[in-house]
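What's in coords.cif: mmCIF, C-alpha atoms and all ligand atoms
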```cif
data_entry
loop_
_atom_site.label_atom_id
_atom_site.label_comp_id
_atom_site.auth_asym_id
_atom_site.auth_seq_id
_atom_site.Cartn_x
_atom_site.Cartn_y
_atom_site.Cartn_z
CA MET A 12 -15.82 -51.99 -4.16
CA LYS A 13 -12.11 -52.47 -3.56
CA ILE A 14 -9.43 -53.79 -5.90
CA VAL A 15 -7.87 -56.95 -4.45
CA ASP A 16 -5.63 -58.08 -7.32
CA ILE A 17 -3.91 -56.91 -10.49
CA LYS A 18 -2.29 -59.14 -13.08
CA VAL A 19 -0.81 -58.80 -16.52
CA THR A 20 -0.56 -61.15 -19.50
CA CYS A 21 1.53 -60.15 -22.52
CA VAL A 22 0.53 -61.29 -26.01
CA ASN A 23 1.90 -61.08 -29.54
CA VAL A 24 -0.52 -60.71 -32.45
CA PRO A 25 1.01 -60.63 -35.97
CA PHE A 26 0.23 -58.34 -38.88
CA GLU A 27 -1.09 -59.65 -42.18
CA ALA A 28 2.20 -58.41 -43.73
CA PRO A 29 5.16 -56.49 -42.22
CA LEU A 30 4.64 -52.71 -42.06
CA ARG A 31 7.50 -50.38 -42.95
CA TRP A 32 8.22 -46.95 -41.49
CA SER A 33 11.13 -44.62 -40.81
CA LEU A 34 12.47 -46.62 -37.85
CA GLY A 35 12.40 -49.99 -39.61
CA VAL A 36 9.71 -52.65 -39.75
CA GLU A 37 6.80 -53.81 -37.59
CA THR A 38 5.79 -57.45 -37.85
CA GLY A 39 3.01 -57.38 -35.28
CA THR A 40 1.97 -55.99 -31.94
CA SER A 41 2.99 -56.91 -28.39
CA ARG A 42 0.42 -55.83 -25.84
CA ALA A 43 -0.01 -56.20 -22.11
CA ILE A 44 -3.52 -57.23 -21.06
CA ILE A 45 -4.16 -55.94 -17.53
CA GLU A 46 -6.83 -57.41 -15.25
CA VAL A 47 -7.84 -55.81 -11.95
CA THR A 48 -10.13 -57.90 -9.73
CA THR A 49 -12.50 -56.46 -7.14
CA GLU A 50 -13.53 -57.97 -3.82
CA ASP A 51 -16.86 -58.93 -5.51
CA GLY A 52 -15.09 -60.77 -8.30
CA ILE A 53 -15.57 -58.16 -11.03
CA VAL A 54 -12.66 -58.11 -13.48
CA GLY A 55 -11.71 -54.80 -15.10
CA LEU A 56 -9.68 -54.95 -18.34
CA GLY A 57 -6.92 -52.61 -19.45
CA GLU A 58 -4.32 -52.73 -22.20
CA THR A 59 -1.00 -51.12 -22.98
CA TYR A 60 2.33 -51.90 -24.65
CA GLY A 61 3.76 -55.34 -23.91
CA GLY A 62 7.20 -56.40 -22.76
CA SER A 63 9.20 -57.26 -19.67
CA ALA A 64 9.73 -53.61 -18.66
CA ILE A 65 5.97 -53.12 -18.69
CA GLU A 66 5.41 -56.25 -16.60
CA HIS A 67 7.94 -54.92 -14.10
CA ALA A 68 6.29 -51.47 -13.99
CA ILE A 69 2.90 -53.04 -13.30
CA ALA A 70 4.45 -54.94 -10.40
CA THR A 71 5.87 -51.60 -9.14
CA ALA A 72 2.40 -50.05 -9.37
CA ARG A 73 0.72 -52.86 -7.43
CA PRO A 74 0.89 -51.20 -3.95
CA PHE A 75 -0.79 -48.06 -5.36
CA VAL A 76 -3.69 -50.08 -6.73
CA ILE A 77 -4.56 -52.72 -4.14
CA GLY A 78 -7.24 -51.55 -1.69
CA LEU A 79 -8.48 -48.62 -3.80
CA ASP A 80 -12.18 -48.42 -4.66
CA VAL A 81 -12.89 -48.85 -8.39
CA MET A 82 -14.45 -45.37 -8.48
CA ASP A 83 -11.27 -43.82 -7.07
CA PHE A 84 -9.53 -43.55 -10.44
CA GLY A 85 -8.91 -39.86 -9.63
CA VAL A 86 -7.17 -40.87 -6.42
CA LEU A 87 -5.15 -43.39 -8.43
CA LEU A 88 -4.01 -40.56 -10.71
CA HIS A 89 -2.87 -38.47 -7.73
CA ARG A 90 -1.02 -41.41 -6.21
CA PHE A 91 0.80 -42.00 -9.47
CA ALA A 92 1.48 -38.28 -9.95
CA ALA A 93 3.08 -38.00 -6.52
CA PHE A 94 5.21 -41.11 -7.04
CA CYS A 95 6.21 -40.31 -10.61
CA ILE A 96 7.63 -36.83 -9.97
CA GLY A 97 11.23 -37.55 -10.82
CA TYR A 98 10.49 -41.26 -11.22
CA GLU A 99 8.58 -41.19 -14.49
CA THR A 100 10.33 -44.28 -15.77
CA ALA A 101 9.32 -46.39 -12.74
CA ILE A 102 5.65 -46.40 -13.78
CA PRO A 103 5.59 -44.85 -17.26
CA ALA A 104 2.56 -43.02 -18.60
CA VAL A 105 1.63 -45.95 -20.85
CA VAL A 106 1.35 -48.22 -17.79
CA ARG A 107 -0.62 -45.67 -15.75
CA ALA A 108 -2.99 -45.42 -18.71
CA GLY A 109 -3.51 -49.19 -18.89
CA ILE A 110 -4.25 -49.43 -15.17
CA GLU A 111 -6.65 -46.47 -15.23
CA MET A 112 -8.39 -48.17 -18.18
CA ALA A 113 -8.89 -51.33 -16.09
CA PHE A 114 -10.29 -49.25 -13.20
CA LEU A 115 -12.81 -47.58 -15.49
CA ASP A 116 -13.84 -50.92 -16.99
CA ALA A 117 -14.36 -52.36 -13.50
CA ALA A 118 -16.22 -49.23 -12.36
CA GLY A 119 -18.52 -49.40 -15.37
CA LYS A 120 -19.21 -53.09 -14.81
CA ALA A 121 -19.85 -52.50 -11.09
CA HIS A 122 -22.44 -49.82 -11.85
CA GLY A 123 -23.87 -51.24 -15.10
CA LEU A 124 -22.69 -48.23 -17.13
CA PRO A 125 -20.58 -47.93 -20.29
CA VAL A 126 -17.29 -46.09 -19.74
CA TYR A 127 -18.49 -43.17 -21.86
CA ARG A 128 -21.16 -42.54 -19.19
CA LEU A 129 -18.42 -42.27 -16.57
CA LEU A 130 -16.78 -39.68 -18.83
CA GLY A 131 -19.92 -37.55 -19.10
CA GLY A 132 -21.85 -39.28 -21.88
CA LYS A 133 -21.36 -39.75 -25.61
CA THR A 134 -21.88 -37.17 -28.33
CA ARG A 135 -21.85 -39.69 -31.17
CA ASP A 136 -22.37 -43.42 -31.78
CA LEU A 137 -19.88 -43.91 -34.60
CA ILE A 138 -16.24 -42.83 -34.59
CA GLN A 139 -14.60 -42.12 -37.94
CA PHE A 140 -11.25 -43.69 -38.84
CA GLY A 141 -8.85 -43.01 -41.68
CA ALA A 142 -7.41 -45.60 -44.06
CA TYR A 143 -3.94 -46.04 -42.57
CA VAL A 144 -1.79 -47.07 -45.56
CA PHE A 145 1.75 -48.45 -45.22
CA TYR A 146 4.54 -49.53 -47.50
CA ARG A 147 4.66 -53.26 -46.68
CA TYR A 148 6.95 -56.18 -47.27
CA ARG A 149 5.29 -59.10 -48.96
CA ASP A 150 4.18 -61.93 -46.70
CA ASP A 151 4.56 -65.13 -48.69
CA LYS A 152 2.27 -67.19 -46.42
CA SER A 153 -0.73 -64.86 -46.81
CA SER A 154 0.29 -63.59 -50.29
CA THR A 155 -0.36 -60.04 -49.13
CA GLY A 156 1.71 -56.87 -48.90
CA GLY A 157 4.58 -55.87 -51.15
CA GLU A 158 3.54 -52.24 -51.67
CA SER A 159 6.69 -50.40 -52.71
CA ASP A 160 5.67 -47.74 -55.24
CA ALA A 161 2.93 -45.27 -56.07
CA ALA A 162 0.85 -47.73 -58.10
CA SER A 163 0.79 -50.40 -55.40
CA ILE A 164 0.12 -47.84 -52.64
CA LEU A 165 -2.82 -46.52 -54.64
CA ALA A 166 -4.12 -50.06 -55.14
CA ARG A 167 -3.87 -50.73 -51.40
CA THR A 168 -5.65 -47.44 -50.63
CA LYS A 169 -8.48 -48.33 -53.00
CA GLU A 170 -8.75 -51.80 -51.50
CA LEU A 171 -8.98 -50.46 -47.91
CA CYS A 172 -11.49 -47.75 -48.83
CA ALA A 173 -13.66 -50.24 -50.74
CA ARG A 174 -13.49 -52.91 -48.01
CA HIS A 175 -14.00 -50.72 -44.95
CA GLY A 176 -15.62 -47.56 -46.30
CA PHE A 177 -12.92 -45.12 -45.24
CA THR A 178 -13.30 -41.52 -46.41
CA ALA A 179 -9.97 -40.20 -45.09
CA VAL A 180 -6.47 -41.48 -45.90
CA LYS A 181 -3.08 -41.40 -44.19
CA LEU A 182 0.14 -42.53 -45.85
CA LYS A 183 2.88 -43.70 -43.54
CA GLY A 184 6.05 -42.44 -45.18
CA GLY A 185 9.69 -42.05 -44.20
CA VAL A 186 10.59 -45.26 -46.06
CA TYR A 187 11.62 -44.01 -49.51
CA ALA A 188 13.03 -40.67 -50.65
CA PRO A 189 10.31 -38.04 -50.19
CA MET A 190 10.05 -37.16 -53.90
CA GLU A 191 9.31 -40.85 -54.57
CA GLU A 192 6.67 -40.98 -51.83
CA LEU A 193 5.21 -37.74 -53.20
CA LYS A 194 4.18 -39.72 -56.31
CA ALA A 195 2.00 -41.92 -54.07
CA ILE A 196 0.51 -38.86 -52.35
CA GLU A 197 -0.26 -37.35 -55.79
CA ALA A 198 -1.91 -40.57 -56.94
CA ILE A 199 -4.11 -40.81 -53.84
CA ALA A 200 -5.07 -37.12 -54.04
CA ALA A 201 -6.04 -37.53 -57.70
CA GLU A 202 -8.11 -40.67 -57.03
CA PHE A 203 -9.81 -39.35 -53.86
CA PRO A 204 -9.89 -35.56 -54.31
CA ASN A 205 -12.43 -34.99 -51.55
CA TYR A 206 -10.87 -37.21 -48.87
CA PRO A 207 -8.80 -35.57 -46.12
CA LEU A 208 -5.22 -36.75 -46.73
CA ARG A 209 -2.28 -36.96 -44.34
CA TRP A 210 1.36 -37.91 -44.81
CA ASP A 211 3.49 -39.07 -41.87
CA PRO A 212 7.25 -39.62 -42.39
CA ASN A 213 7.90 -39.89 -38.63
CA ALA A 214 10.51 -37.14 -38.52
CA ALA A 215 12.68 -38.78 -41.20
CA TRP A 216 13.18 -35.42 -42.95
CA SER A 217 15.46 -32.52 -42.11
CA VAL A 218 13.97 -29.05 -41.71
CA GLU A 219 15.16 -28.04 -45.19
CA THR A 220 13.77 -31.20 -46.80
CA SER A 221 10.45 -30.64 -45.01
CA ILE A 222 10.21 -27.08 -46.36
CA ARG A 223 11.17 -28.19 -49.85
CA ILE A 224 8.59 -31.00 -49.91
CA ALA A 225 5.88 -28.78 -48.43
CA ASN A 226 6.52 -26.33 -51.26
CA GLN A 227 6.25 -29.19 -53.77
CA LEU A 228 2.85 -30.04 -52.29
CA MET A 229 1.65 -26.47 -52.72
CA TRP A 230 2.97 -26.13 -56.28
CA ARG A 231 1.12 -29.32 -57.16
CA LYS A 232 -2.02 -27.99 -55.41
CA ILE A 233 -2.20 -30.98 -53.07
CA ASP A 234 -4.28 -29.87 -50.13
CA LEU A 235 -3.13 -32.00 -47.19
CA GLU A 236 -5.34 -32.07 -44.12
CA TYR A 237 -2.02 -32.01 -42.27
CA LEU A 238 1.60 -33.04 -42.61
CA GLU A 239 2.47 -35.24 -39.63
CA ASP A 240 5.88 -34.97 -37.93
CA PRO A 241 7.89 -34.17 -41.08
CA THR A 242 10.89 -33.36 -38.87
CA SER A 243 11.87 -33.90 -35.25
CA GLY A 244 11.52 -31.74 -32.18
CA LEU A 245 9.54 -28.65 -31.23
CA GLU A 246 12.23 -26.34 -32.65
CA GLY A 247 12.48 -28.12 -36.01
CA MET A 248 8.70 -28.29 -36.39
CA SER A 249 8.34 -24.59 -35.55
CA GLN A 250 10.91 -23.71 -38.24
CA VAL A 251 8.99 -25.73 -40.84
CA ARG A 252 5.68 -24.23 -39.74
CA ALA A 253 7.05 -20.69 -39.96
CA ALA A 254 8.09 -21.35 -43.57
CA VAL A 255 5.00 -23.07 -44.99
CA PRO A 256 1.23 -22.59 -44.58
CA ILE A 257 0.47 -26.32 -44.20
CA PRO A 258 -0.98 -27.52 -40.86
CA LEU A 259 1.45 -29.71 -38.94
CA ALA A 260 0.39 -32.54 -36.61
CA THR A 261 2.39 -34.53 -34.09
CA ASN A 262 2.46 -37.64 -32.00
CA MET A 263 6.23 -37.33 -31.54
CA CYS A 264 7.37 -33.91 -30.33
CA LEU A 265 4.40 -32.93 -28.15
CA VAL A 266 3.43 -36.00 -26.19
CA ALA A 267 3.59 -34.91 -22.55
CA TYR A 268 1.98 -32.21 -20.48
CA ASP A 269 5.17 -30.20 -19.90
CA GLN A 270 5.73 -29.96 -23.68
CA LEU A 271 2.44 -28.10 -24.18
CA ALA A 272 3.62 -24.64 -23.10
CA PRO A 273 6.82 -24.54 -25.19
CA GLY A 274 5.09 -26.18 -28.17
CA ILE A 275 2.31 -23.59 -28.13
CA ARG A 276 4.69 -20.65 -27.61
CA MET A 277 6.80 -21.80 -30.57
CA HIS A 278 3.78 -22.65 -32.81
CA SER A 279 5.33 -26.03 -33.48
CA VAL A 280 2.06 -27.76 -34.35
CA ASP A 281 -1.53 -27.14 -35.40
CA VAL A 282 -2.94 -30.55 -34.47
CA ILE A 283 -2.04 -32.72 -31.46
CA LEU A 284 -2.63 -36.41 -32.04
CA SER A 285 -3.87 -37.55 -28.67
CA ASP A 286 -3.01 -40.99 -27.36
CA LEU A 287 -4.51 -42.41 -24.19
CA HIS A 288 -1.33 -44.40 -23.58
CA PHE A 289 1.27 -41.71 -24.22
CA TRP A 290 -0.60 -39.12 -22.16
CA GLY A 291 -1.19 -41.38 -19.14
CA GLY A 292 -4.90 -42.16 -19.53
CA PHE A 293 -8.33 -40.59 -19.88
CA GLN A 294 -7.99 -37.94 -17.19
CA GLN A 295 -4.60 -36.68 -18.36
CA SER A 296 -5.79 -36.66 -21.98
CA ARG A 297 -8.78 -34.57 -20.95
CA LYS A 298 -6.46 -32.02 -19.34
CA MET A 299 -4.33 -31.83 -22.48
CA ILE A 300 -7.38 -31.37 -24.70
CA ALA A 301 -8.69 -28.56 -22.48
CA VAL A 302 -5.39 -26.70 -23.04
CA ALA A 303 -5.48 -27.43 -26.77
CA GLU A 304 -9.04 -26.10 -26.96
CA ALA A 305 -8.03 -22.87 -25.20
CA PHE A 306 -5.30 -22.31 -27.80
CA ASN A 307 -7.40 -23.47 -30.79
CA LEU A 308 -5.20 -26.45 -31.58
CA GLY A 309 -6.86 -29.32 -33.44
CA ILE A 310 -7.11 -32.78 -31.88
CA GLY A 311 -6.84 -36.14 -33.63
CA MET A 312 -5.88 -39.55 -32.25
CA HIS A 313 -2.71 -41.55 -32.80
CA SER A 314 -2.53 -45.34 -33.06
CA ASP A 315 0.27 -47.70 -32.14
CA ARG A 316 -1.05 -51.19 -32.80
CA GLU A 317 -3.83 -51.42 -30.21
CA LEU A 318 -5.87 -54.57 -29.74
CA GLY A 319 -9.58 -54.56 -28.89
CA ILE A 320 -9.44 -53.39 -25.26
CA SER A 321 -7.45 -50.27 -26.08
CA THR A 322 -9.54 -49.75 -29.22
CA ALA A 323 -12.69 -49.81 -27.08
CA ALA A 324 -11.09 -47.27 -24.74
CA MET A 325 -10.28 -45.02 -27.72
CA LEU A 326 -13.91 -45.23 -28.89
CA HIS A 327 -15.33 -44.33 -25.46
CA PHE A 328 -12.90 -41.45 -25.17
CA ALA A 329 -13.59 -40.10 -28.66
CA ALA A 330 -17.35 -40.44 -28.19
CA SER A 331 -17.22 -38.34 -25.02
CA THR A 332 -14.79 -35.75 -26.45
CA PRO A 333 -16.57 -33.75 -29.19
CA TYR A 334 -13.55 -31.47 -29.66
CA LEU A 335 -11.70 -34.48 -31.13
CA ALA A 336 -12.83 -33.83 -34.68
CA HIS A 337 -10.26 -35.44 -37.03
CA ALA A 338 -10.76 -39.04 -38.20
CA ILE A 339 -8.63 -41.20 -35.92
CA ASP A 340 -5.87 -43.69 -36.74
CA SER A 341 -5.85 -47.44 -36.21
CA HIS A 342 -3.69 -50.40 -37.20
CA TYR A 343 -6.71 -52.64 -36.62
CA HIS A 344 -7.16 -53.61 -40.30
CA ASP A 345 -3.53 -54.80 -40.48
CA GLN A 346 -3.76 -57.13 -37.45
CA ILE A 347 -4.85 -60.69 -38.15
CA ASP A 348 -6.67 -61.29 -34.86
CA ASP A 349 -7.63 -59.96 -31.44
CA VAL A 350 -8.01 -61.23 -27.87
CA ILE A 351 -11.62 -60.07 -27.41
CA THR A 352 -14.63 -62.27 -28.17
CA SER A 353 -16.19 -59.89 -30.72
CA PRO A 354 -13.51 -58.04 -32.67
CA PHE A 355 -14.50 -54.63 -34.01
CA VAL A 356 -15.67 -54.20 -37.60
CA TYR A 357 -15.76 -51.01 -39.64
CA GLU A 358 -19.12 -49.58 -40.70
CA ASP A 359 -18.64 -47.02 -43.50
CA GLY A 360 -15.14 -46.24 -42.21
CA CYS A 361 -16.37 -45.95 -38.61
CA MET A 362 -16.42 -48.12 -35.50
CA ARG A 363 -19.46 -48.22 -33.23
CA VAL A 364 -19.01 -47.24 -29.59
CA PRO A 365 -19.65 -50.36 -27.44
CA GLU A 366 -22.80 -50.25 -25.33
CA GLY A 367 -22.10 -52.95 -22.73
CA PRO A 368 -21.08 -52.07 -19.17
CA GLY A 369 -17.49 -50.89 -18.75
CA LEU A 370 -15.52 -50.87 -21.98
CA GLY A 371 -18.09 -53.26 -23.45
CA VAL A 372 -15.64 -55.95 -24.57
CA GLU A 373 -14.89 -59.44 -23.23
CA LEU A 374 -11.64 -61.36 -23.17
CA ASP A 375 -11.38 -64.46 -25.31
CA ARG A 376 -9.40 -66.62 -22.87
CA ASP A 377 -8.41 -69.17 -25.53
CA LYS A 378 -6.91 -66.48 -27.74
CA LEU A 379 -5.25 -64.83 -24.77
CA GLU A 380 -3.53 -68.12 -24.00
CA LYS A 381 -2.59 -68.74 -27.64
CA TYR A 382 -1.02 -65.32 -28.20
CA HIS A 383 0.58 -65.33 -24.75
CA GLY A 384 2.32 -68.52 -25.86
CA ASP A 385 3.66 -66.66 -28.89
CA TYR A 386 4.94 -63.88 -26.61
CA LEU A 387 6.67 -66.39 -24.34
CA ARG A 388 8.26 -68.07 -27.38
CA ASP A 389 9.34 -64.95 -29.31
CA GLY A 390 9.55 -62.14 -26.76
CA ALA A 391 8.14 -58.68 -27.42
CA VAL A 392 8.02 -57.56 -31.07
CA ASN A 393 8.56 -53.88 -30.31
CA GLU A 394 12.04 -53.88 -31.82
CA PHE A 395 11.95 -52.23 -35.22
CA TYR A 396 15.29 -53.33 -36.72
CA ASP A 397 14.86 -54.30 -40.35
CA PRO A 398 17.07 -57.29 -41.29
CA ARG A 399 16.26 -56.73 -44.96
CA ARG A 400 17.77 -53.25 -44.77
CA PRO A 401 20.84 -53.72 -42.58
CA SER A 402 22.53 -50.50 -43.66
CA TRP A 403 19.49 -48.39 -42.73
CA VAL A 404 20.34 -46.18 -39.76
CA PRO A 405 17.21 -44.76 -38.21
CA ALA A 406 19.06 -41.77 -36.83
CA LEU A 407 16.93 -38.75 -37.54
CA PRO A 408 16.72 -37.19 -40.04
CA VAL A 409 17.61 -39.63 -42.83
CA PHE A 410 16.45 -37.45 -45.76
MG MG A 501 2.65 -40.27 -36.45
#
```

Represent the structure contained in this file as structure tokens.
Amino acid sequence: MKIVDIKVTCVNVPFEAPLRWSLGVETGTSRAIIEVTTEDGIVGLGETYGGSAIEHAIATARPFVIGLDVMDFGVLLHRFAAFCIGYETAIPAVVRAGIEMAFLDAAGKAHGLPVYRLLGGKTRDLIQFGAYVFYRYRDDKSSTGGESDAASILARTKELCARHGFTAVKLKGGVYAPMEELKAIEAIAAEFPNYPLRWDPNAAWSVETSIRIANQLMWRKIDLEYLEDPTSGLEGMSQVRAAVPIPLATNMCLVAYDQLAPGIRMHSVDVILSDLHFWGGFQQSRKMIAVAEAFNLGIGMHSDRELGISTAAMLHFAASTPYLAHAIDSHYHDQIDDVITSPFVYEDGCMRVPEGPGLGVELDRDKLEKYHGDYLRDGAVNEFYDPRRPSWVPALPVF
């Protein structure tokens, strides 16, 4: 069953309130919704980052896609691999991932099988997520947000855990001085002593600050599940790790296959946060996880503002990858809407793996049109500049 067309529609979906992090502020998500159509009229859905560069890359990829059978997603990978040696930026990994996702959705629909069956079957029905907690600006329209200190972060954490049933927590840091953010970490640890707890300042700290703060955590007997990207680069992370016995995780310094060998040699990280988009799709992520397993590295999953199609892909992947044992991240509870007909809901902090053919989600064409209109009006919202903090220079490290 051959692919005869590929098209892309970019959308903007806002957050309930603006999220703050070390590089500035995020007001919503821009995503590219990819549709591949087969000669029999089956439409396979994929999703990746939105924006004009992504639209251009999908146009570049078109000749590699048209005429391939939907089951030839391995051939697709080889075609991309051959083309992208030395030309990585022409069809970046995030675009290859979105197209592979659409192939798998079409293949599943063509054969009446959920994607997890194409990946070897599922080992679980429910995938656990953590409460992803951000410092937020207040949104006056929705009267939400405004978390700016330990008390309000703790209140937000309690609200998310009560509403969605989360039993793991991650604080996005890198916004305030680390000793100030440490007060929020202490408050969460005291309130939820048995919940795995992570802290992610997105490499806003120097090596020496990272070591100092890690020591503060140990003196206060705060048992983090892991500290995520306290500082930047494989070398900086390895220096921190050599100095403190706290597991380090990354979605920043080890995000491509050729970074695995140096990262492992240098013991830069203990946990790799996988990401279907960063790593170029399901097949490439599987290869990375096989290497991680051989070297006893832990595997979690990173989130960067996915809508429902990518979220479904993450669930199928996690369900078919038992080695992925840490609760995964999602911005889903911060996004006000989705472009699928049945948005996901949390059940006791988990999402259920869809059972329909393919990814098991359907496009809501009205919402696609509505949020595409917002994208056309505003452009992509992937710029992180914070107009309320004009002197903030997100050169790393800032603390
Ligand atoms: Mg991170």

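Nearest residue to Gly369 in chain A, choosing from A:Gly319, A:Gly247, A:Gly119, A:Gly157 and counting all atoms listed in the file: A:Gly119.
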
### Message
Taking only C-alpha atoms and all ligand atoms into account, list the residues no farther than 12 Å from ligand MG 501 (chain A), as JSON, numbers by chain.
### Response
{"A": [32, 33, 34, 143, 181, 182, 183, 184, 185, 209, 210, 211, 212, 213, 214, 215, 237, 238, 239, 240, 241, 242, 243, 259, 260, 261, 262, 263, 264, 265, 266, 282, 283, 284, 285, 286, 311, 312, 313, 314, 315, 339, 340, 341, 342]}

### Query
Using all atoms listed in the file, which residues sit within 12 Å of range 231-234 of chain A once same-chain residues fewer than 5 positions away are excluded, as a list in words?
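My reading of the contact set: Leu193, Lys194, Ala195, Ile196, Glu197, Ala198, Ile199, Ala200, Ala201, Phe203, Pro204, Asn205, Tyr206, Pro207, Leu208, Arg209, Trp210, Ile224, Ala225, Asn226, Pro256, Ile257 and Pro258 of chain A.
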
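Our summary of the geometry notes that CA of Thr168 in chain A is positioned 28.3 Å from CA of Val218 in chain A.
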
### Message
Given all atoms listed in the file as the basis, pick out the residue of A:Leu387, A:Leu335, A:Leu271, A:Leu379 nearest to Ile351 in chain A.
### Response
A:Leu379

#### Entry: Proximity to Ala323 in chain A - best of A:Gly384, A:Gly62, A:Gly360, A:Gly57, only C-alpha atoms
A:Gly57

Please, which residues in range 33-151 of chain A fall within 7 Å of range 19-22 of chain A when counting all atoms listed in the file, and what is the closest atom pair and distance in Å to one decimal for each, ordered by chain then residue number, as a tab-separated table?
```
residue	atom	partner	partner_atom	distance
A:Ser41	CA	A:Val22	CA	5.6
A:Arg42	CA	A:Val22	CA	5.5
A:Ala43	CA	A:Cys21	CA	4.3
A:Ile44	CA	A:Thr20	CA	5.2
A:Ile45	CA	A:Val19	CA	4.5
A:Glu46	CA	A:Val19	CA	6.3
A:Gly61	CA	A:Cys21	CA	5.5
A:Gly62	CA	A:Cys21	CA	6.8
A:Glu66	CA	A:Val19	CA	6.7
```

### Query
Between A:Ala301, A:Ala117, A:Ile138, A:Ile17, which one has atoms that come closest to Ala329 in chain A, using all atoms listed in the file?
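Of A:Ala301, A:Ala117, A:Ile138, A:Ile17, the one nearest Ala329 in chain A, counting all atoms listed in the file, is A:Ile138.
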
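Counting from CA of Glu50 in chain A, the distance to CA of Val15 in chain A is 5.8 Å.
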
Output as JSON the centre and edge lengths (Å, one decimal) of the box along x, y and z of the file that holds every listed atom of range 325-331 of chain A after adding 6 Å on each side.
```
{"center_x": -13.8, "center_y": -41.8, "center_z": -27.0, "size_x": 19.1, "size_y": 18.9, "size_z": 15.9}
```

### Query
At most 6 Å from (-16.2, -49.0, -4.0), file frame, all atoms listed in the file: which residues, as a VMD selection string?
chain A and resid 12 to 13 80 to 81

Deliver the residues from the most recent selection as a file, using C-alpha atoms, as an mmCIF file, in the coordinates of the input.
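Saved file selection37.cif follows:
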```cif
data_model
loop_
_atom_site.group_PDB
_atom_site.id
_atom_site.type_symbol
_atom_site.label_atom_id
_atom_site.label_comp_id
_atom_site.auth_asym_id
_atom_site.auth_seq_id
_atom_site.Cartn_x
_atom_site.Cartn_y
_atom_site.Cartn_z
ATOM 1 C CA MET A 12 -15.820 -51.990 -4.160
ATOM 2 C CA LYS A 13 -12.110 -52.470 -3.560
ATOM 3 C CA ASP A 80 -12.180 -48.420 -4.660
ATOM 4 C CA VAL A 81 -12.890 -48.850 -8.390
#
```
